[in-house]
Amino acid sequence: MDRLELQKLRELPIEGVAERLGLQVSRHKCLCPFHADNHPSLSFKVSKNTYRCFVCGASGGTIDLVMRHLNLDFKAACRWLQTLSGSPCLGGEDDPTQSTQKGLFLCTATQRESPACTFDATRYERFFERPWLLPEARKFLFEERQLDPRVVRWCRLTSWKDKQGVAWLQIPYYNKEGQLVGIQNRNLVKGALPRFRFPQGSQCGIYNLPVLNLLKPGEQLFITEGCSDCWAMLSAGHKAIAIPSATLLTNDVRGKMEEVRCKFAIQFHMYPDRDAPGERLFLQLQKVLSSLVHHQLPPDCKDFSDLYLSTITKTKTQNG
Ligand SMILES: [Zn+2]
């Protein structure tokens with residue numbers, strides 16, 4: 001990452017970053033997440049784009065805040081901030097060279113409802129009627145991820161190349177009624193940035209909601225973090241939905257999960273990622289789904305995709 005890119009991450013509005021981390025900022029202050037705080041002692045200096053806690057002394061800029069709060073190293077924190085640029089309402093779909101960071105914090109929850117940020121499904125629906133998998137997409141899905149082709153078809157994954165020749169996997173998000181509500185584009189070039197792009201107004205909340213229509217009472221539903229784990233879960237023969245891969249459950253996702261719990265008499269299961277954010281997400285979700293069953297990944301697997309891949313490899317070795 002070059003200096004300019006870093007500078008951009010440092011200049012992201014710090015209060016916006018804090019909110020993305022789940023901190024409730026009011027009047028440039030919030031409860032300090034770094035000590036047991038019950039009265040807001042962490043304050044933001046907007047002019048300098050920094051934070052400081054007057055009790056425990058924690059201080060720094062956007063990157064430090066993310067590193068400390070999510071327990072990430074410098075690189076991972078930068079990546080987290082960059083991934084944020086794949087938030088809804090970024091636009092930029094037609095012009096990949098446009099920096100998308102700026103749009104990130106402009107689109108607050110209320111603005112998202114405004115017409116300017118509405119997702120135009122009619123513009124994109126046709127892409128998913130006849131999915132097309134480029135060699136890059138096939139390699140990623142079938143060789144690297146070893147996914148079941150039926151899952152790829154069910155999810156209507158497709159792919160495209162932008163003007164620069166970069167291959168993108170296009171992941172449609174549908175609501176339970178099967179209407180297209182958002183699209184996530186995933187960069188198929190390893191390590192390339194941005195990793196994700198979202199057409200304007202995309203509502204990429206809970207993934208694979210149509211699976212709910214197939215659930216019988218008492219059946220198991222797995223909840224994964226992000227759609228790749230969801231594909232692995234489906235390929236392993238489970239029913240699954242994914243919540244956005246973030247450390248924080250947004251109110252919107254929380255509300256929707258509550259709805260699912262009320263409407264369906266099913267069991268909820270989860271393999272949290274083997275890290276602190278994964279466990280945190282499990283605990284947050286458990287507050288909504290009190291009967292959520294915790295499954296432990298083996299020590300050599302950081303997420304369910306790893307476990308799925310290791311199981312597949314073992315089966316193949318046994319059979320061949
Ligand atoms: Zn503090």
# chains A, B, ... in the order shown; residues from 1 in each chain; ligands from 1
>>> residues_near_ligand(ligand="ligand 1", cutoff="8 Å", atoms="only C-alpha atoms and all ligand atoms", output="list in words")
Leu31, Cys32, Pro33, Phe34, His35, Ala36, Asp37, Ser41, Leu42, Arg52, Cys53, Phe54, Val55, Cys56, Gly57 and Ala58 of chain A
>>> write_last_selection(atoms="all heavy atoms", output="compact mmCIF listing (two decimals), in the first residue's frame")
# COMPACT_ATOMS: atom_id res chain seq x y z
N LEU A 31 -18.31 5.86 24.98
CA LEU A 31 -17.78 5.02 26.06
C LEU A 31 -16.47 4.44 25.55
O LEU A 31 -16.37 4.02 24.41
CB LEU A 31 -18.75 3.87 26.35
CG LEU A 31 -20.04 4.24 27.10
CD1 LEU A 31 -20.95 3.03 27.19
CD2 LEU A 31 -19.74 4.79 28.49
N CYS A 32 -15.46 4.43 26.38
CA CYS A 32 -14.16 3.92 25.96
C CYS A 32 -14.21 2.40 25.94
O CYS A 32 -14.54 1.77 26.94
CB CYS A 32 -13.08 4.41 26.91
SG CYS A 32 -11.49 3.65 26.56
N PRO A 33 -13.90 1.80 24.79
CA PRO A 33 -13.95 0.33 24.71
C PRO A 33 -12.72 -0.32 25.33
O PRO A 33 -12.64 -1.53 25.42
CB PRO A 33 -14.01 0.07 23.21
CG PRO A 33 -13.36 1.25 22.58
CD PRO A 33 -13.55 2.42 23.51
N PHE A 34 -11.75 0.49 25.75
CA PHE A 34 -10.48 -0.07 26.21
C PHE A 34 -10.36 -0.16 27.72
O PHE A 34 -9.37 -0.60 28.26
CB PHE A 34 -9.31 0.74 25.63
CG PHE A 34 -9.42 0.91 24.14
CD1 PHE A 34 -9.47 2.17 23.57
CD2 PHE A 34 -9.52 -0.20 23.31
CE1 PHE A 34 -9.61 2.33 22.19
CE2 PHE A 34 -9.65 -0.05 21.93
CZ PHE A 34 -9.70 1.21 21.37
N HIS A 35 -11.35 0.33 28.42
CA HIS A 35 -11.41 0.10 29.87
C HIS A 35 -12.89 0.02 30.24
O HIS A 35 -13.74 0.39 29.44
CB HIS A 35 -10.65 1.20 30.63
CG HIS A 35 -11.40 2.49 30.78
ND1 HIS A 35 -11.30 3.52 29.87
CD2 HIS A 35 -12.28 2.90 31.73
CE1 HIS A 35 -12.08 4.53 30.26
NE2 HIS A 35 -12.69 4.18 31.38
N ALA A 36 -13.17 -0.48 31.45
CA ALA A 36 -14.57 -0.58 31.85
C ALA A 36 -15.10 0.83 32.08
O ALA A 36 -14.83 1.44 33.11
CB ALA A 36 -14.68 -1.42 33.12
N ASP A 37 -15.80 1.32 31.12
CA ASP A 37 -16.24 2.71 31.14
C ASP A 37 -17.75 2.78 31.26
O ASP A 37 -18.45 2.11 30.51
CB ASP A 37 -15.78 3.36 29.82
CG ASP A 37 -15.77 4.87 29.89
OD1 ASP A 37 -15.97 5.41 31.00
OD2 ASP A 37 -15.54 5.51 28.84
N SER A 41 -15.70 8.54 28.39
CA SER A 41 -14.45 9.24 28.65
C SER A 41 -13.54 9.31 27.42
O SER A 41 -12.46 9.86 27.48
CB SER A 41 -13.68 8.62 29.82
OG SER A 41 -14.17 7.40 30.19
N LEU A 42 -14.01 8.69 26.34
CA LEU A 42 -13.19 8.77 25.13
C LEU A 42 -13.72 9.91 24.28
O LEU A 42 -14.91 9.97 23.98
CB LEU A 42 -13.27 7.44 24.37
CG LEU A 42 -12.26 7.27 23.24
CD1 LEU A 42 -11.77 5.83 23.19
CD2 LEU A 42 -12.88 7.63 21.91
N ARG A 52 -8.91 10.17 22.12
CA ARG A 52 -8.13 10.05 23.35
C ARG A 52 -9.07 9.74 24.51
O ARG A 52 -10.12 10.33 24.63
CB ARG A 52 -7.37 11.37 23.61
CG ARG A 52 -6.72 11.41 24.95
CD ARG A 52 -5.80 12.60 25.15
NE ARG A 52 -4.72 12.17 26.01
CZ ARG A 52 -3.53 11.77 25.59
NH1 ARG A 52 -3.25 11.79 24.30
NH2 ARG A 52 -2.63 11.38 26.44
N CYS A 53 -8.65 8.78 25.32
CA CYS A 53 -9.43 8.47 26.52
C CYS A 53 -8.75 9.12 27.72
O CYS A 53 -7.57 8.91 27.96
CB CYS A 53 -9.53 6.97 26.75
SG CYS A 53 -10.24 6.57 28.35
N PHE A 54 -9.51 9.91 28.45
CA PHE A 54 -8.92 10.64 29.57
C PHE A 54 -8.76 9.78 30.82
O PHE A 54 -8.17 10.20 31.79
CB PHE A 54 -9.74 11.90 29.86
CG PHE A 54 -9.61 12.89 28.73
CD1 PHE A 54 -10.61 13.04 27.79
CD2 PHE A 54 -8.44 13.60 28.58
CE1 PHE A 54 -10.47 13.91 26.73
CE2 PHE A 54 -8.28 14.49 27.51
CZ PHE A 54 -9.30 14.64 26.59
N VAL A 55 -9.28 8.58 30.77
CA VAL A 55 -9.11 7.69 31.93
C VAL A 55 -7.94 6.72 31.71
O VAL A 55 -6.99 6.69 32.47
CB VAL A 55 -10.41 6.94 32.24
CG1 VAL A 55 -10.21 5.95 33.38
CG2 VAL A 55 -11.51 7.93 32.59
N CYS A 56 -7.99 5.97 30.62
CA CYS A 56 -6.94 4.96 30.44
C CYS A 56 -5.80 5.43 29.52
O CYS A 56 -4.80 4.76 29.37
CB CYS A 56 -7.53 3.65 29.92
SG CYS A 56 -8.09 3.71 28.22
N GLY A 57 -5.99 6.60 28.92
CA GLY A 57 -4.90 7.16 28.12
C GLY A 57 -4.80 6.64 26.70
O GLY A 57 -3.90 7.05 25.96
N ALA A 58 -5.69 5.74 26.31
CA ALA A 58 -5.66 5.24 24.93
C ALA A 58 -5.82 6.41 23.98
O ALA A 58 -6.66 7.28 24.20
CB ALA A 58 -6.80 4.24 24.71
>>> residues_around(residues="region 190-193 of chain A", least_positions_apart="5", cutoff="10 Å", atoms="only C-alpha atoms", output="compact mmCIF listing (two decimals) with all heavy atoms, in the first residue's frame")
# COMPACT_ATOMS: atom_id res chain seq x y z
N MET A 1 0.85 -1.19 0.00
CA MET A 1 0.00 0.00 0.00
C MET A 1 0.89 1.25 0.00
O MET A 1 1.85 1.32 0.76
CB MET A 1 -0.83 -0.03 1.27
CG MET A 1 -1.99 0.92 1.22
SD MET A 1 -2.85 0.92 2.78
CE MET A 1 -2.98 -0.84 3.08
N ARG A 79 -6.44 -3.03 6.05
CA ARG A 79 -7.30 -3.80 5.16
C ARG A 79 -8.76 -3.66 5.60
O ARG A 79 -9.66 -3.52 4.79
CB ARG A 79 -6.90 -5.28 5.17
CG ARG A 79 -6.40 -5.75 3.81
CD ARG A 79 -6.00 -7.20 3.84
NE ARG A 79 -4.69 -7.36 4.45
CZ ARG A 79 -4.38 -8.26 5.37
NH1 ARG A 79 -5.28 -9.10 5.82
NH2 ARG A 79 -3.17 -8.34 5.85
N GLN A 82 -10.04 -0.52 4.45
CA GLN A 82 -10.26 -0.54 3.00
C GLN A 82 -11.50 -1.33 2.65
O GLN A 82 -12.23 -0.97 1.73
CB GLN A 82 -9.06 -1.14 2.30
CG GLN A 82 -7.94 -0.15 2.17
CD GLN A 82 -6.73 -0.77 1.51
OE1 GLN A 82 -6.39 -1.92 1.79
NE2 GLN A 82 -6.08 -0.02 0.67
N THR A 83 -11.73 -2.41 3.38
CA THR A 83 -12.91 -3.23 3.10
C THR A 83 -14.17 -2.42 3.34
O THR A 83 -15.18 -2.61 2.68
CB THR A 83 -12.91 -4.49 3.98
OG1 THR A 83 -11.64 -5.09 3.84
CG2 THR A 83 -13.97 -5.47 3.54
N PHE A 140 -11.40 -20.04 -8.90
CA PHE A 140 -11.64 -19.64 -7.52
C PHE A 140 -12.70 -20.52 -6.85
O PHE A 140 -12.49 -21.06 -5.76
CB PHE A 140 -12.07 -18.17 -7.50
CG PHE A 140 -12.55 -17.69 -6.15
CD1 PHE A 140 -11.64 -17.47 -5.12
CD2 PHE A 140 -13.90 -17.45 -5.92
CE1 PHE A 140 -12.08 -17.03 -3.87
CE2 PHE A 140 -14.34 -17.01 -4.67
CZ PHE A 140 -13.43 -16.80 -3.65
N VAL A 166 -9.89 -6.52 -15.09
CA VAL A 166 -9.91 -7.22 -13.81
C VAL A 166 -11.18 -8.07 -13.72
O VAL A 166 -12.27 -7.59 -14.01
CB VAL A 166 -9.89 -6.21 -12.63
CG1 VAL A 166 -10.00 -6.92 -11.30
CG2 VAL A 166 -8.62 -5.37 -12.69
>>> closest_residue(among="A:Ile266, A:Leu147, A:Leu307, A:Leu180", to="Arg126 (chain A)", atoms="only C-alpha atoms")
A:Leu180
>>> select_by_dssp(residues="region 135-249 of chain A", states="helix (DSSP H, G or I)", output="ChimeraX atom specification")
/A:135-144,149-154,209-214,227-235
>>> residues_around(residues="Met270 (chain A)", least_positions_apart="4", cutoff="6 Å", atoms="only C-alpha atoms", output="list in words")
Phe222, Ile223, His294 and His295 of chain A
>>> write_last_selection(atoms="N, CA and C atoms", output="short mmCIF file (atom, residue, chain, number, x, y, z; two decimals), in the first residue's frame")
data_model
loop_
_atom_site.label_atom_id
_atom_site.label_comp_id
_atom_site.auth_asym_id
_atom_site.auth_seq_id
_atom_site.Cartn_x
_atom_site.Cartn_y
_atom_site.Cartn_z
N PHE A 222 -27.42 -22.91 9.74
CA PHE A 222 -26.11 -22.41 10.14
C PHE A 222 -25.99 -20.94 9.76
N ILE A 223 -25.34 -20.21 10.64
CA ILE A 223 -25.09 -18.80 10.36
C ILE A 223 -23.59 -18.63 10.19
N HIS A 294 -22.99 -23.24 19.62
CA HIS A 294 -21.60 -22.91 19.29
C HIS A 294 -20.86 -24.18 18.87
N HIS A 295 -20.28 -24.17 17.68
CA HIS A 295 -19.43 -25.29 17.25
C HIS A 295 -18.00 -24.79 17.21
#
>>> closest_atom_pairs(of="region 263-311 of chain A", to="region 66-74 of chain A", cutoff="10 Å", atoms="only C-alpha atoms", output="Markdown table")
| residue | atom | partner | partner_atom | distance |
| --- | --- | --- | --- | --- |
| A:Asp275 | CA | A:Asn71 | CA | 9.5 |
| A:Ala276 | CA | A:Asn71 | CA | 7.7 |
| A:Pro277 | CA | A:Leu70 | CA | 6.6 |
| A:Arg280 | CA | A:Leu70 | CA | 9.9 |
>>> residues_around(residues="region 26-30 of chain A", least_positions_apart="5", cutoff="10 Å", atoms="only C-alpha atoms", output="VMD selection string")
chain A and resid 14 to 15 18 to 19 37 to 46 51 to 53
